[in-house]
file upload-v4.pdb (PDB, C-alpha atoms)
ATOM      1  CA  MET A   1     -69.992 -44.094  19.574
ATOM      2  CA  PHE A   2     -67.918 -41.499  21.395
ATOM      3  CA  SER A   3     -68.456 -38.438  23.590
ATOM      4  CA  ALA A   4     -68.205 -34.888  22.252
ATOM      5  CA  ILE A   5     -69.166 -31.333  23.091
ATOM      6  CA  PHE A   6     -71.645 -30.325  20.383
ATOM      7  CA  ILE A   7     -72.715 -26.748  19.608
ATOM      8  CA  THR A   8     -75.885 -25.938  17.701
ATOM      9  CA  LYS A   9     -77.612 -22.688  16.816
ATOM     10  CA  ASP A  10     -81.104 -22.275  15.432
ATOM     11  CA  GLY A  11     -84.235 -20.225  15.966
ATOM     12  CA  SER A  12     -84.343 -21.238  19.611
ATOM     13  CA  GLY A  13     -80.808 -19.960  20.252
ATOM     14  CA  HIS A  14     -77.269 -21.136  20.903
ATOM     15  CA  LYS A  15     -76.748 -24.435  22.742
ATOM     16  CA  ALA A  16     -73.717 -26.475  23.798
ATOM     17  CA  GLU A  17     -74.166 -29.972  25.205
ATOM     18  CA  LEU A  18     -72.292 -33.210  25.801
ATOM     19  CA  ILE A  19     -73.583 -35.854  23.398
ATOM     20  CA  GLN A  20     -72.759 -39.266  21.963
ATOM     21  CA  MET A  21     -71.636 -39.113  18.334
ATOM     22  CA  ASP A  22     -71.141 -41.714  15.635
ATOM     23  CA  GLU A  23     -67.918 -41.788  13.609
ATOM     24  CA  ALA A  24     -70.013 -41.295  10.463
ATOM     25  CA  GLN A  25     -70.785 -37.771  11.733
ATOM     26  CA  LEU A  26     -67.129 -36.730  11.591
ATOM     27  CA  PRO A  27     -66.129 -34.357   8.772
ATOM     28  CA  ALA A  28     -63.910 -35.208   5.831
ATOM     29  CA  GLY A  29     -60.192 -35.723   6.423
ATOM     30  CA  ASP A  30     -57.414 -38.173   5.683
ATOM     31  CA  VAL A  31     -56.389 -38.910   9.297
ATOM     32  CA  THR A  32     -58.624 -40.158  12.118
ATOM     33  CA  ILE A  33     -57.347 -39.594  15.648
ATOM     34  CA  ASP A  34     -58.118 -41.100  19.017
ATOM     35  CA  VAL A  35     -57.988 -37.912  21.067
ATOM     36  CA  GLU A  36     -56.425 -38.226  24.518
ATOM     37  CA  TYR A  37     -56.375 -34.599  25.656
ATOM     38  CA  SER A  38     -57.670 -31.253  24.472
ATOM     39  CA  THR A  39     -57.793 -27.808  26.037
ATOM     40  CA  LEU A  40     -60.227 -25.113  26.991
ATOM     41  CA  ASN A  41     -58.954 -21.670  26.099
ATOM     42  CA  PHE A  42     -60.528 -18.252  25.603
ATOM     43  CA  LYS A  43     -61.663 -18.964  22.055
ATOM     44  CA  ASP A  44     -63.170 -22.331  23.016
ATOM     45  CA  ALA A  45     -65.000 -20.742  25.938
ATOM     46  CA  ALA A  46     -66.385 -18.033  23.669
ATOM     47  CA  ALA A  47     -67.544 -20.698  21.213
ATOM     48  CA  ILE A  48     -69.242 -22.776  23.915
ATOM     49  CA  THR A  49     -71.026 -19.835  25.532
ATOM     50  CA  GLY A  50     -71.747 -17.960  22.310
ATOM     51  CA  ALA A  51     -70.129 -14.866  23.841
ATOM     52  CA  ARG A  52     -68.277 -14.120  20.598
ATOM     53  CA  PRO A  53     -68.883 -15.266  17.010
ATOM     54  CA  VAL A  54     -66.056 -17.812  17.005
ATOM     55  CA  VAL A  55     -67.956 -20.638  15.313
ATOM     56  CA  ARG A  56     -68.203 -20.069  11.571
ATOM     57  CA  GLN A  57     -70.629 -22.871  10.803
ATOM     58  CA  PHE A  58     -73.051 -24.988  12.810
ATOM     59  CA  PRO A  59     -73.196 -27.586  14.185
ATOM     60  CA  MET A  60     -69.669 -27.623  15.581
ATOM     61  CA  VAL A  61     -67.432 -29.559  17.941
ATOM     62  CA  PRO A  62     -65.280 -26.906  19.673
ATOM     63  CA  GLY A  63     -61.647 -27.266  20.668
ATOM     64  CA  VAL A  64     -58.835 -25.587  18.747
ATOM     65  CA  ASP A  65     -56.252 -28.011  20.169
ATOM     66  CA  LEU A  66     -55.904 -31.758  20.424
ATOM     67  CA  ALA A  67     -53.270 -34.372  21.139
ATOM     68  CA  GLY A  68     -53.638 -38.071  20.630
ATOM     69  CA  ILE A  69     -52.822 -41.147  18.602
ATOM     70  CA  VAL A  70     -53.448 -41.758  14.908
ATOM     71  CA  ARG A  71     -56.179 -44.384  14.508
ATOM     72  CA  GLU A  72     -56.414 -44.488  10.712
ATOM     73  CA  SER A  73     -54.487 -42.650   8.000
ATOM     74  CA  ALA A  74     -54.665 -42.187   4.264
ATOM     75  CA  ASN A  75     -51.906 -39.581   4.503
ATOM     76  CA  PRO A  76     -48.396 -40.945   3.738
ATOM     77  CA  GLU A  77     -46.838 -38.824   6.486
ATOM     78  CA  TRP A  78     -48.771 -40.591   9.245
ATOM     79  CA  LYS A  79     -49.442 -44.173  10.303
ATOM     80  CA  PRO A  80     -51.589 -45.745  13.040
ATOM     81  CA  GLY A  81     -49.942 -45.384  16.412
ATOM     82  CA  ASP A  82     -48.200 -42.072  15.693
ATOM     83  CA  LYS A  83     -48.535 -39.512  18.489
ATOM     84  CA  ILE A  84     -49.527 -36.084  17.201
ATOM     85  CA  VAL A  85     -50.437 -32.535  18.168
ATOM     86  CA  LEU A  86     -52.820 -30.220  16.349
ATOM     87  CA  ASN A  87     -53.175 -26.485  16.977
ATOM     88  CA  CYS A  88     -55.670 -24.251  15.206
ATOM     89  CA  TRP A  89     -56.021 -24.494  11.387
ATOM     90  CA  GLY A  90     -59.701 -23.609  11.904
ATOM     91  CA  VAL A  91     -60.617 -26.657  13.988
ATOM     92  CA  GLY A  92     -63.310 -25.793  16.486
ATOM     93  CA  GLU A  93     -64.403 -22.957  14.203
ATOM     94  CA  SER A  94     -65.079 -24.331  10.717
ATOM     95  CA  HIS A  95     -63.968 -27.955  11.220
ATOM     96  CA  TYR A  96     -64.878 -30.257  14.120
ATOM     97  CA  GLY A  97     -62.297 -29.816  16.874
ATOM     98  CA  GLY A  98     -60.668 -31.492  19.826
ATOM     99  CA  LEU A  99     -63.311 -31.498  22.566
ATOM    100  CA  ALA A 100     -64.305 -35.021  21.609
ATOM    101  CA  GLN A 101     -62.892 -38.510  21.971
ATOM    102  CA  ARG A 102     -62.316 -38.801  18.240
ATOM    103  CA  ALA A 103     -61.416 -36.411  15.419
ATOM    104  CA  ARG A 104     -60.915 -36.598  11.663
ATOM    105  CA  VAL A 105     -58.666 -33.937  10.127
ATOM    106  CA  ASN A 106     -56.319 -33.019   7.309
ATOM    107  CA  GLY A 107     -53.012 -34.764   8.008
ATOM    108  CA  ASP A 108     -51.076 -31.716   6.823
ATOM    109  CA  TRP A 109     -52.312 -29.914   9.954
ATOM    110  CA  LEU A 110     -50.553 -32.305  12.304
ATOM    111  CA  ILE A 111     -47.219 -31.993  14.114
ATOM    112  CA  LYS A 112     -45.345 -34.940  15.586
ATOM    113  CA  LEU A 113     -45.581 -34.920  19.365
ATOM    114  CA  PRO A 114     -42.184 -33.706  20.671
ATOM    115  CA  ALA A 115     -40.354 -36.441  22.554
ATOM    116  CA  ALA A 116     -40.044 -34.138  25.568
ATOM    117  CA  PHE A 117     -43.788 -34.169  26.211
ATOM    118  CA  THR A 118     -46.666 -36.518  26.885
ATOM    119  CA  THR A 119     -49.984 -35.799  25.154
ATOM    120  CA  ARG A 120     -51.246 -34.296  28.418
ATOM    121  CA  GLN A 121     -48.234 -31.999  28.684
ATOM    122  CA  ALA A 122     -48.639 -30.963  25.050
ATOM    123  CA  MET A 123     -52.150 -29.796  25.880
ATOM    124  CA  ALA A 124     -50.924 -28.013  28.993
ATOM    125  CA  ILE A 125     -49.030 -26.022  26.360
ATOM    126  CA  GLY A 126     -51.726 -26.011  23.658
ATOM    127  CA  SER A 127     -52.232 -23.255  21.122
ATOM    128  CA  ALA A 128     -51.611 -20.727  23.889
ATOM    129  CA  GLY A 129     -48.109 -22.014  24.542
ATOM    130  CA  TYR A 130     -47.470 -22.486  20.836
ATOM    131  CA  THR A 131     -48.505 -18.846  20.305
ATOM    132  CA  ALA A 132     -46.211 -17.760  23.121
ATOM    133  CA  ALA A 133     -43.331 -19.561  21.401
ATOM    134  CA  LEU A 134     -44.173 -17.809  18.121
ATOM    135  CA  CYS A 135     -43.984 -14.471  19.974
ATOM    136  CA  VAL A 136     -40.594 -15.247  21.508
ATOM    137  CA  ASP A 137     -39.328 -16.458  18.130
ATOM    138  CA  ALA A 138     -40.533 -13.197  16.548
ATOM    139  CA  LEU A 139     -38.716 -11.069  19.141
ATOM    140  CA  GLU A 140     -35.511 -13.043  18.719
ATOM    141  CA  ARG A 141     -35.688 -12.818  14.922
ATOM    142  CA  PHE A 142     -36.104  -9.060  15.362
ATOM    143  CA  GLY A 143     -32.870  -9.043  17.332
ATOM    144  CA  VAL A 144     -33.962  -8.427  20.932
ATOM    145  CA  GLN A 145     -31.237  -9.605  23.326
ATOM    146  CA  PRO A 146     -31.466 -10.310  27.083
ATOM    147  CA  ASP A 147     -29.064  -7.465  27.910
ATOM    148  CA  ALA A 148     -31.375  -4.911  26.241
ATOM    149  CA  GLY A 149     -33.538  -4.504  29.345
ATOM    150  CA  GLU A 150     -36.794  -5.663  30.858
ATOM    151  CA  VAL A 151     -39.412  -7.443  28.766
ATOM    152  CA  LEU A 152     -43.100  -6.963  29.564
ATOM    153  CA  VAL A 153     -45.683  -9.729  29.245
ATOM    154  CA  THR A 154     -49.301  -8.601  29.514
ATOM    155  CA  GLY A 155     -51.996 -11.011  30.635
ATOM    156  CA  ALA A 156     -49.133 -12.814  32.333
ATOM    157  CA  THR A 157     -51.225 -15.306  34.308
ATOM    158  CA  GLY A 158     -53.217 -16.391  31.261
ATOM    159  CA  GLY A 159     -52.388 -19.288  28.980
ATOM    160  CA  VAL A 160     -50.234 -17.400  26.469
ATOM    161  CA  GLY A 161     -48.743 -15.119  29.077
ATOM    162  CA  SER A 162     -47.736 -17.907  31.457
ATOM    163  CA  VAL A 163     -45.766 -19.787  28.807
ATOM    164  CA  ALA A 164     -44.285 -16.558  27.415
ATOM    165  CA  VAL A 165     -42.959 -15.679  30.878
ATOM    166  CA  ALA A 166     -41.399 -19.132  31.243
ATOM    167  CA  LEU A 167     -39.812 -19.147  27.774
ATOM    168  CA  LEU A 168     -38.440 -15.614  28.039
ATOM    169  CA  ALA A 169     -37.006 -16.298  31.491
ATOM    170  CA  LYS A 170     -35.357 -19.476  30.182
ATOM    171  CA  ALA A 171     -33.812 -17.419  27.358
ATOM    172  CA  GLY A 172     -32.245 -15.097  29.920
ATOM    173  CA  PHE A 173     -34.617 -12.120  29.809
ATOM    174  CA  ALA A 174     -35.696 -10.127  32.850
ATOM    175  CA  VAL A 175     -39.468 -10.562  32.581
ATOM    176  CA  ILE A 176     -42.099  -8.346  34.181
ATOM    177  CA  GLY A 177     -45.610  -9.769  34.206
ATOM    178  CA  ALA A 178     -48.672  -7.542  34.076
ATOM    179  CA  THR A 179     -51.758  -9.027  35.714
ATOM    180  CA  GLY A 180     -54.906  -7.989  37.502
ATOM    181  CA  LYS A 181     -54.427 -10.772  40.034
ATOM    182  CA  SER A 182     -52.253  -9.278  42.773
ATOM    183  CA  SER A 183     -52.129 -12.599  44.635
ATOM    184  CA  GLU A 184     -50.255 -14.305  41.784
ATOM    185  CA  GLY A 185     -46.777 -12.973  42.495
ATOM    186  CA  ASP A 186     -45.517 -16.345  43.693
ATOM    187  CA  TYR A 187     -46.957 -18.052  40.608
ATOM    188  CA  LEU A 188     -45.170 -15.648  38.261
ATOM    189  CA  LYS A 189     -41.949 -15.942  40.243
ATOM    190  CA  GLU A 190     -42.150 -19.730  39.928
ATOM    191  CA  LEU A 191     -42.408 -19.314  36.161
ATOM    192  CA  GLY A 192     -39.263 -17.180  36.191
ATOM    193  CA  ALA A 193     -40.603 -13.610  36.273
ATOM    194  CA  ALA A 194     -38.364 -10.974  37.808
ATOM    195  CA  GLY A 195     -41.345  -8.892  38.926
ATOM    196  CA  MET A 196     -44.948  -7.925  38.280
ATOM    197  CA  ILE A 197     -47.088  -4.833  37.807
ATOM    198  CA  ASP A 198     -50.811  -4.259  38.084
ATOM    199  CA  ARG A 199     -52.539  -4.368  34.720
ATOM    200  CA  ALA A 200     -54.339  -1.150  35.705
ATOM    201  CA  GLU A 201     -51.071   0.684  35.000
ATOM    202  CA  LEU A 202     -51.565  -0.187  31.324
ATOM    203  CA  SER A 203     -55.272  -0.710  30.722
ATOM    204  CA  ALA A 204     -56.653   2.803  31.178
ATOM    205  CA  PRO A 205     -57.467   4.942  28.119
ATOM    206  CA  GLY A 206     -55.997   8.359  27.523
ATOM    207  CA  GLY A 207     -52.338   7.642  28.178
ATOM    208  CA  LYS A 208     -49.737   9.901  26.623
ATOM    209  CA  PRO A 209     -48.608   8.869  23.122
ATOM    210  CA  LEU A 210     -45.026   8.721  24.417
ATOM    211  CA  GLN A 211     -44.472   7.654  28.015
ATOM    212  CA  LYS A 212     -41.414   6.868  30.112
ATOM    213  CA  GLN A 213     -39.262   4.377  28.226
ATOM    214  CA  ARG A 214     -39.188   1.099  30.115
ATOM    215  CA  TRP A 215     -39.498  -2.045  28.011
ATOM    216  CA  ALA A 216     -36.916  -3.450  25.636
ATOM    217  CA  ALA A 217     -39.673  -5.639  24.236
ATOM    218  CA  VAL A 218     -43.253  -6.660  24.932
ATOM    219  CA  VAL A 219     -45.419  -9.730  24.446
ATOM    220  CA  ASP A 220     -48.983  -8.432  24.432
ATOM    221  CA  THR A 221     -51.976 -10.753  24.750
ATOM    222  CA  VAL A 222     -54.526  -8.057  25.553
ATOM    223  CA  GLY A 223     -54.801  -5.465  22.780
ATOM    224  CA  SER A 224     -56.752  -2.204  22.974
ATOM    225  CA  HIS A 225     -55.529   0.417  25.494
ATOM    226  CA  THR A 226     -53.095  -2.035  27.079
ATOM    227  CA  LEU A 227     -51.278  -2.467  23.780
ATOM    228  CA  VAL A 228     -51.349   1.303  23.197
ATOM    229  CA  ASN A 229     -49.704   2.023  26.549
ATOM    230  CA  ALA A 230     -47.222  -0.824  26.167
ATOM    231  CA  CYS A 231     -46.073   0.640  22.849
ATOM    232  CA  ALA A 232     -45.848   4.092  24.404
ATOM    233  CA  GLN A 233     -43.527   2.702  27.109
ATOM    234  CA  THR A 234     -41.290   0.660  24.801
ATOM    235  CA  ARG A 235     -37.708   1.837  24.493
ATOM    236  CA  PHE A 236     -36.179   3.296  21.360
ATOM    237  CA  GLY A 237     -35.724   0.569  18.762
ATOM    238  CA  GLY A 238     -37.695  -1.993  20.763
ATOM    239  CA  ALA A 239     -40.333  -4.403  19.550
ATOM    240  CA  VAL A 240     -43.828  -5.405  20.599
ATOM    241  CA  ALA A 241     -45.189  -8.838  19.644
ATOM    242  CA  ALA A 242     -48.990  -8.591  19.603
ATOM    243  CA  CYS A 243     -51.024 -11.778  19.608
ATOM    244  CA  GLY A 244     -54.247 -11.224  21.563
ATOM    245  CA  ASN A 245     -57.324  -9.076  22.035
ATOM    246  CA  ALA A 246     -58.683  -9.939  25.485
ATOM    247  CA  GLN A 247     -59.363  -6.243  26.183
ATOM    248  CA  GLY A 248     -60.576  -5.514  22.668
ATOM    249  CA  MET A 249     -59.834  -5.392  18.954
ATOM    250  CA  ASP A 250     -59.432  -1.622  18.905
ATOM    251  CA  PHE A 251     -56.058   0.110  18.866
ATOM    252  CA  PRO A 252     -56.693   3.785  19.747
ATOM    253  CA  ALA A 253     -53.100   4.916  19.335
ATOM    254  CA  THR A 254     -50.938   7.452  17.545
ATOM    255  CA  VAL A 255     -47.975   6.680  15.331
ATOM    256  CA  ALA A 256     -45.623   8.451  17.754
ATOM    257  CA  PRO A 257     -43.885   5.347  19.192
ATOM    258  CA  PHE A 258     -43.262   4.004  15.704
ATOM    259  CA  ILE A 259     -41.890   7.131  14.031
ATOM    260  CA  LEU A 260     -40.272   8.909  17.005
ATOM    261  CA  ARG A 261     -38.829   5.914  18.865
ATOM    262  CA  ALA A 262     -38.544   3.423  16.009
ATOM    263  CA  VAL A 263     -40.672   0.909  17.903
ATOM    264  CA  SER A 264     -41.747  -2.071  15.780
ATOM    265  CA  LEU A 265     -45.128  -3.761  16.156
ATOM    266  CA  LEU A 266     -44.863  -7.448  15.249
ATOM    267  CA  GLY A 267     -48.148  -9.197  14.525
ATOM    268  CA  VAL A 268     -48.240 -12.853  15.600
ATOM    269  CA  GLU A 269     -50.924 -15.103  14.110
ATOM    270  CA  CYS A 270     -51.308 -18.735  15.143
ATOM    271  CA  VAL A 271     -54.190 -20.161  13.106
ATOM    272  CA  MET A 272     -52.715 -20.287   9.595
ATOM    273  CA  THR A 273     -49.009 -20.080  10.460
ATOM    274  CA  PRO A 274     -47.005 -22.219   7.990
ATOM    275  CA  LYS A 275     -45.807 -25.592   9.197
ATOM    276  CA  PRO A 276     -42.058 -24.734   9.336
ATOM    277  CA  LYS A 277     -42.711 -21.951  11.872
ATOM    278  CA  ARG A 278     -44.980 -24.282  13.855
ATOM    279  CA  MET A 279     -42.270 -26.904  13.975
ATOM    280  CA  ALA A 280     -39.723 -24.303  15.106
ATOM    281  CA  ALA A 281     -42.076 -23.104  17.838
ATOM    282  CA  TRP A 282     -42.634 -26.646  19.115
ATOM    283  CA  ALA A 283     -38.885 -27.296  18.940
ATOM    284  CA  ARG A 284     -38.370 -24.276  21.218
ATOM    285  CA  LEU A 285     -41.033 -25.541  23.595
ATOM    286  CA  GLY A 286     -39.439 -28.982  23.707
ATOM    287  CA  ARG A 287     -36.009 -27.474  24.326
ATOM    288  CA  ASP A 288     -36.751 -24.571  26.678
ATOM    289  CA  LEU A 289     -39.980 -25.251  28.548
ATOM    290  CA  ASP A 290     -39.448 -27.155  31.772
ATOM    291  CA  ALA A 291     -42.064 -29.914  31.812
ATOM    292  CA  ALA A 292     -42.219 -29.639  35.617
ATOM    293  CA  ARG A 293     -43.407 -26.047  35.288
ATOM    294  CA  LEU A 294     -46.387 -27.226  33.271
ATOM    295  CA  GLU A 295     -47.919 -28.496  36.493
ATOM    296  CA  ALA A 296     -47.914 -24.937  37.839
ATOM    297  CA  ILE A 297     -49.447 -23.636  34.615
ATOM    298  CA  ALA A 298     -52.127 -26.281  34.057
ATOM    299  CA  GLN A 299     -55.206 -27.662  35.745
ATOM    300  CA  GLU A 300     -57.141 -30.669  34.465
ATOM    301  CA  ILE A 301     -60.882 -31.095  33.977
ATOM    302  CA  SER A 302     -63.058 -33.782  32.431
ATOM    303  CA  LEU A 303     -64.910 -33.394  29.150
ATOM    304  CA  SER A 304     -68.185 -33.092  31.075
ATOM    305  CA  GLU A 305     -66.774 -30.110  32.998
ATOM    306  CA  ALA A 306     -65.835 -28.135  29.876
ATOM    307  CA  ILE A 307     -69.202 -26.427  29.433
ATOM    308  CA  PRO A 308     -69.577 -25.067  33.009
ATOM    309  CA  THR A 309     -65.885 -24.097  33.126
ATOM    310  CA  ALA A 310     -66.219 -21.993  29.959
ATOM    311  CA  GLY A 311     -68.143 -19.280  31.767
ATOM    312  CA  ALA A 312     -65.607 -19.081  34.585
ATOM    313  CA  LEU A 313     -62.779 -18.695  32.082
ATOM    314  CA  LEU A 314     -64.480 -15.800  30.307
ATOM    315  CA  ALA A 315     -65.102 -14.155  33.686
ATOM    316  CA  GLY A 316     -61.352 -14.152  34.368
ATOM    317  CA  LYS A 317     -61.612 -16.681  37.192
ATOM    318  CA  VAL A 318     -59.173 -19.183  35.687
ATOM    319  CA  ARG A 319     -55.380 -19.096  35.941
ATOM    320  CA  GLY A 320     -53.039 -20.576  33.362
ATOM    321  CA  ARG A 321     -54.044 -23.486  31.151
ATOM    322  CA  ILE A 322     -57.017 -25.844  31.306
ATOM    323  CA  VAL A 323     -56.302 -29.380  30.102
ATOM    324  CA  VAL A 324     -59.318 -31.473  29.176
ATOM    325  CA  ASP A 325     -59.128 -35.248  29.585
ATOM    326  CA  VAL A 326     -61.695 -36.169  26.944
ATOM    327  CA  ASN A 327     -61.855 -39.762  28.144
ATOM    328  CA  ARG A 328     -63.283 -39.014  31.561
TER     329      ARG A 328
END
call {"tool": "encode", "arguments": {"input": "upload-v4.pdb", "output": "structure tokens"}}
result
Amino acid sequence: MFSAIFITKDGSGHKAELIQMDEAQLPAGDVTIDVEYSTLNFKDAAAITGARPVVRQFPMVPGVDLAGIVRESANPEWKPGDKIVLNCWGVGESHYGGLAQRARVNGDWLIKLPAAFTTRQAMAIGSAGYTAALCVDALERFGVQPDAGEVLVTGATGGVGSVAVALLAKAGFAVIGATGKSSEGDYLKELGAAGMIDRAELSAPGGKPLQKQRWAAVVDTVGSHTLVNACAQTRFGGAVAACGNAQGMDFPATVAPFILRAVSLLGVECVMTPKPKRMAAWARLGRDLDAARLEAIAQEISLSEAIPTAGALLAGKVRGRIVVDVNR
């Protein structure tokens, strides 16, 4: 038996609880993992609370991330004792996820734990940090260089934003973080940000289609009006990597930035990203992310604390990354 967060939905409503599960209840897969750490991010919190339709089938064990040790394997790529990381691939949505002490998954979804990190540190990064690395990779592939000017990161104190700030700063960019938390200037400076702005400067509707050119590039985790205004402020020939929708899925914009300033909008998707890009993203994280900075980004909770913490996360009361020690 092992502990797991278990979500059910029936005629009486949506319910998430901490239960004891039997290994026979695990779904099909060719690798069984002893999970050491997982995470609690926005999607997990939405799944636990039922705030958004994240879960595609019930019952479900949430948790889009996990790190641990292979227990059993029928996959030739993996053997017992291997340390692995898993991000996304539908776990926690359509396949039992990481907020449990044990998981059974498709071995093709796994990445070898980078030597630079412990399993706890890998979950301080999680899918949020992996997504941030995908965004930075996308901007660099586009050709954005540090001497091009300031780079904006929206939602800068969140999980994706925090790691994006750190990675961009390490790569030599002058990073400006947008956040609604005015008290977090020291936190962003510690991550390497050159400055910060209030998110209210970007989040209001009705901004001009073309605004003062400021940003050489943008990593946007927010969507909606924030993404619209960020595009409107991006310099000629710049690029915006969009990966989130915390403000909303809508994009009430005009084509002006794209056809009059040659701004490029780069979509970044983390769930079904092919393995080579995942490996490149984790290689960047292992090379460029200072493990010591993870302590500033992350806070740790127990598995039993995941359910009450979910509501606080959705209410915007959580900074950075939440690491879940599933064994306490």
call {"tool": "closest_residue", "arguments": {"input": "upload-v4.pdb", "among": "A:Val136, A:Leu260, A:Ile197, A:Ala124", "to": "Val219 in chain A", "atoms": "all atoms listed in the file"}}
result
A:Val136
call {"tool": "closest_atom_pairs", "arguments": {"input": "upload-v4.pdb", "of": "range 135-171 of chain A", "to": "range 272-282 of chain A", "cutoff": "12 Å", "atoms": "all atoms listed in the file", "output": "JSON lines"}}
result
{"residue": "A:Cys135", "atom": "CA", "partner": "A:Ala281", "partner_atom": "CA", "distance": 9.1}
{"residue": "A:Val136", "atom": "CA", "partner": "A:Ala281", "partner_atom": "CA", "distance": 8.8}
{"residue": "A:Asp137", "atom": "CA", "partner": "A:Ala281", "partner_atom": "CA", "distance": 7.2}
{"residue": "A:Ala138", "atom": "CA", "partner": "A:Ala281", "partner_atom": "CA", "distance": 10.1}
{"residue": "A:Arg141", "atom": "CA", "partner": "A:Lys277", "partner_atom": "CA", "distance": 11.9}
{"residue": "A:Ala164", "atom": "CA", "partner": "A:Ala281", "partner_atom": "CA", "distance": 11.8}
{"residue": "A:Leu167", "atom": "CA", "partner": "A:Ala281", "partner_atom": "CA", "distance": 10.9}
call {"tool": "write_last_selection", "arguments": {"input": "upload-v4.pdb", "atoms": "C-alpha atoms", "output": "PDB file, in the coordinates of the input"}}
result
ATOM      1  CA  CYS A 135     -43.984 -14.471  19.974  1.00  0.00           C
ATOM      2  CA  VAL A 136     -40.594 -15.247  21.508  1.00  0.00           C
ATOM      3  CA  ASP A 137     -39.328 -16.458  18.130  1.00  0.00           C
ATOM      4  CA  ALA A 138     -40.533 -13.197  16.548  1.00  0.00           C
ATOM      5  CA  ARG A 141     -35.688 -12.818  14.922  1.00  0.00           C
ATOM      6  CA  ALA A 164     -44.285 -16.558  27.415  1.00  0.00           C
ATOM      7  CA  LEU A 167     -39.812 -19.147  27.774  1.00  0.00           C
TER       8      LEU A 167
END
call {"tool": "residues_around", "arguments": {"input": "upload-v4.pdb", "residues": "Val85 in chain A", "least_positions_apart": "3", "cutoff": "7 Å", "atoms": "all atoms listed in the file", "output": "ChimeraX atom specification"}}
result
/A:66-68,110-113
call {"tool": "closest_residue", "arguments": {"input": "upload-v4.pdb", "among": "A:Leu210, A:Val323, A:Val271, A:Ala217", "to": "Ser94 in chain A", "atoms": "only C-alpha atoms"}}
result
A:Val271
call {"tool": "closest_residue", "arguments": {"input": "upload-v4.pdb", "among": "A:Val175, A:Val153, A:Leu266, A:Ile322", "to": "Ser127 in chain A", "atoms": "only C-alpha atoms"}}
result
A:Ile322
call {"tool": "resolve_selection", "arguments": {"input": "upload-v4.pdb", "expression": "the PyMOL selection byres ((chain A and resi 4) around 12)", "output": "PyMOL selection string"}}
result
chain A and resi 1-3+5-7+16-23+25-26+35+38+59-63+92+96-103+302-307+324-328
